[in-house]
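Colleague: The following block contains the structure, expressed as structure tokens.
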Amino acid sequence: MKRTKLITFLTLALFGLGGLAAAERAKMIQVKGSDTMVNLVQILAEEYMGKNPGEAIAVLGGGSGTGITGLINQTCDIANSSREWKPKEIDQAWDKGVKPRHFVVAVDGLSVIVNEKNPIDQVTVAQVGALYRGEIKNWKAIGDYPKPVSLYGRQSNSGTYVFMQEFVLGNKNYSADMKEMNGNAQIIEGVLQDEGAVGYVGVGYLFDENGKVRKGLKILKVSKQPGGAGFMPTDKAAVDSGDYPIARPLYMATNGKPKANVGAFLAWISGAEGQAIVEREGFFPISPAHKAQNDKNLQ
Amino acid sequence: MRKTRWTNVRESAIRAFFFTCGILTVLVLLGIFATLVATAVPAFRDITPSEFLLKTNWDPTSPEKAEYGILSMVVSTLMVTGGALLLAVPIGIGVASYLSDVAHWRVREILKPVVEILAGIPSVVVGFLGIVLFGPLIAKVFHTGHGLNAANGSVLLAIMALPTIISISEDALSAVPAAYGEASLALGASRWQTLVRVKLPAGLSGIIAATMLGMGRAIGETMTVLMATGNARSFPHGFLESVRTMTSGIAIELGEVPYYTTHYYALFAIGLVLFVMTFAVNMAADVVLRKYQEKER
């Protein structure tokens, strides 16, 4: 008899806890999407929660496509994406009554990386495209390095995959020989071990915890034209001026006008404090024009 | 009188309960199969079955032309699984023979649980081993630059299939009547001859079942191969190339695919093909077992 009572009590307690957890979840901001942005947004969320006790933010990766699908299906409050929404996705959102608003929160210099044994320093955008389309199969076509090219890329749910395909591959197919890795970190792991490797990652992934470029990794300069000046993705001035050819905005999207707590978080990211963290993590701050647009979207 | 009636009711209630439990698995299986077929069939409004099964290019999100050929993935799956069995079956039977016939009982008491613990290692952990340990090792031995290839997947799947194969083969060998072995030894056969010519053939049905179960484990495994095989979409020409299996293909794309599109249905069609393949393996195993058992009688 005593035992039955105990069990009843425990069951009730569990239900109570479940209810509390559900209430907590309703307040919690769910962020989902881009793997390129997940570390950055995680750190932003931690700092924000530290400054604003009582706020709860959960950040998940999964890829830009996953985040966008999540916002459309209303399983998250903010969708991170490292690419613009496709028209098809916006249509789908409107069909489901979701009216996406886009906020630019940071700028990324998409970085082309090779193993440190590779003597080549600079490539053109066209060469990167040819590499990933599978047209250049050996490094000797670019420089003095007779080694077969080994391609590392992302999977098709990645915003970086889509951005590269659109702006670097000229909307052509990726080579079927490209190894499709689960995230930026796995690409770096592959490039560190493979002397013939080439990979692409967000600029924030190039640095170790001390803010230095990861050992064993070489970042290529990228030029717009053959023979033109090449720039590093880590060069703030070049990314700002557009001289670095494959820079891109990183987006966060909400369904309609953000709820009060979500809006406060987004405003904080666009503000001086948030942007300082963006820069500390290796990405680049947004332009005043983006900031003005963000402020308008918050209304 | 009243008591017996109560007992009868209770008896039949218990019987009904167990019958429901039994029938439930059948219903679940039928339900999964029906869902799979219903979701897979619409894919063939846009793709011809021959294109689907015989073409090697898979690129549904291509900006040029969406392509839906799964042959590369089917071959990759068979390669990785076949390679895994090639490694795991001889080792597995060897270990099982050692455990049942050679090892001291104390050693066996320790080794058997250890083998079973091996089965409990999560597949992500095995995949991680593939990335940091076997991958670089394979790259070094074969000078391939990287070790994210079919060979790596095979080694990892062999590790994952081993506990199943060892455990069930050992049970099969232990279940061979002691009289068989004693008779063989009495006729002057050595222990090696007894093991290879008498006990192994007698336990063959169990060993085949063990192999098939191991194969089932390997063919459906996703996380490990996803992490360790590189996931390149091209048609594989050898064990040292990156491959993408059917399971990793589904896992990579199902998370982001827009619902109710050809791409979505095509992923379920891959699942259906995988289901048919494992079903065929199990059927074949069953037929072989039956034939063998008849002969024995």
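Going by the structure tokens order, chains are called A, B, ..., each with residues numbered from 1, while ligands are numbered from 1 in the order shown.
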If we count only C-alpha atoms, which residues of chain B reach to within 7 Å of chain A? Please list them as a list in words.

Modeller: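 Those within range of chain A come out as Ser62, Pro63, Glu64, Gly145, His146, Gly230, Asn231, Ala232, Arg233, Ser234, Ser242, Ile252, Glu253, Gly255 and Glu256 of chain B.
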
Colleague: Could you give me the residues within region 59-292 of chain A that DSSP places in helix (DSSP H, G or I), as a ChimeraX atom specification?

Modeller: /A:64-72,87-95,125-133,139-141,159-167,184-193,203-205,236-241,260-270,272-280,288-292

Colleague: Might you pull out every residue within 10 Å of Ile166 (chain B), with only C-alpha atoms counted and same-chain residues fewer than 6 positions away left off, and present them as a list in words?

Modeller: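 Near neighbours after the sequence-gap exclusion: Ala88, Val89, Ile91, Gly92, Ile93, Gly94, Val95, Ala96, Ser97, Leu99, Lys112, Val115, Glu116, Ala172, Ile207, Ala210, Thr211 and Gly214 of chain B.
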
Colleague: Just asking: which residues within region 113-273 of chain A are strand (DSSP E) according to DSSP, as a PyMOL selection string?

Modeller: chain A and resi 113-115+122-124+150-154+179-181+197-201+217-219+221-223+247-255

Colleague: Take the residues from that selection and write them out as a short mmCIF file (atom, residue, chain, number, x, y, z; two decimals), in the first residue's frame, keeping C-alpha atoms.

Modeller:
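Final output, saved to out_25.cif:
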data_model
loop_
_atom_site.label_atom_id
_atom_site.label_comp_id
_atom_site.auth_asym_id
_atom_site.auth_seq_id
_atom_site.Cartn_x
_atom_site.Cartn_y
_atom_site.Cartn_z
CA ILE A 113 41.61 25.87 -47.78
CA VAL A 114 44.32 23.35 -48.69
CA ASN A 115 46.88 21.25 -46.85
CA GLN A 122 46.43 31.88 -54.93
CA VAL A 123 43.55 30.76 -57.13
CA THR A 124 40.90 32.52 -59.20
CA SER A 150 40.83 15.47 -53.53
CA LEU A 151 37.60 17.44 -53.11
CA TYR A 152 35.98 18.09 -49.74
CA GLY A 153 32.58 19.76 -49.63
CA ARG A 154 29.36 19.86 -47.69
CA LYS A 179 33.47 13.83 -50.50
CA GLU A 180 30.40 15.17 -48.74
CA MET A 181 31.21 15.98 -45.13
CA ALA A 197 42.82 18.22 -50.49
CA VAL A 198 40.83 21.36 -51.17
CA GLY A 199 37.93 22.40 -48.97
CA TYR A 200 35.65 25.35 -48.29
CA VAL A 201 34.58 26.58 -44.83
CA LEU A 217 45.97 24.47 -42.75
CA LYS A 218 46.66 26.88 -45.58
CA ILE A 219 44.17 29.53 -46.65
CA LYS A 221 44.11 33.95 -51.65
CA VAL A 222 41.28 34.30 -54.12
CA SER A 223 41.29 36.69 -57.08
CA ALA A 247 32.05 36.99 -49.14
CA ARG A 248 28.42 36.55 -48.15
CA PRO A 249 25.95 37.72 -45.53
CA LEU A 250 24.76 35.34 -42.82
CA TYR A 251 21.05 35.50 -42.10
CA MET A 252 18.64 34.89 -39.27
CA ALA A 253 14.95 34.73 -40.14
CA THR A 254 11.81 34.96 -38.02
CA ASN A 255 8.15 34.34 -38.70
#

Colleague: Distance CA of Met215 (chain B)-CA of Phe279 (chain B), one decimal place?

Modeller: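 If I compute the distance from CA of Met215 (chain B) to CA of Phe279 (chain B), I get 11.6 Å.
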
Colleague: Please determine, counting only C-alpha atoms, which residue among A:Asp91, A:Tyr48, A:Gly97, A:Ala56 has the shortest atom-to-atom distance to Asn73 (chain A).

Modeller: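 Looking only at the distances to Asn73 (chain A), the closest residue turns out to be A:Gly97.
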
Colleague: Which of these, B:Ala179, B:Leu36, B:Leu226, B:Ala269, has the shortest distance to Gly153 (chain B) once you count only C-alpha atoms?

Modeller: B:Leu226

Colleague: Excluding Lys236 (chain A) and residues on its chain fewer than 6 positions from it, collect all residues at most 12 Å away from it, counting only C-alpha atoms, and give them as a PyMOL selection string.

Modeller: chain A and resi 107-109+203+242-244+247+279+282-286

Colleague: Give me, as a list of chain:residue names, all polymer residues having an atom no more than 12 Å from Ala289 (chain A), counting only C-alpha atoms and skipping those fewer than 6 positions away in the same chain.

Modeller: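 Skipping anything fewer than 6 positions along the chain leaves A:Phe103, A:Val104, A:Val105, A:Ser270, A:Asp295, A:Lys296.
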
Colleague: Using only C-alpha atoms, determine which residues lie at most 10 Å from Ile90 (chain A), disregarding the query and same-chain residues fewer than 4 positions distant; provide the list as number ranges by chain.

Modeller: A: 68, 72, 85-86, 94-96, 98-100
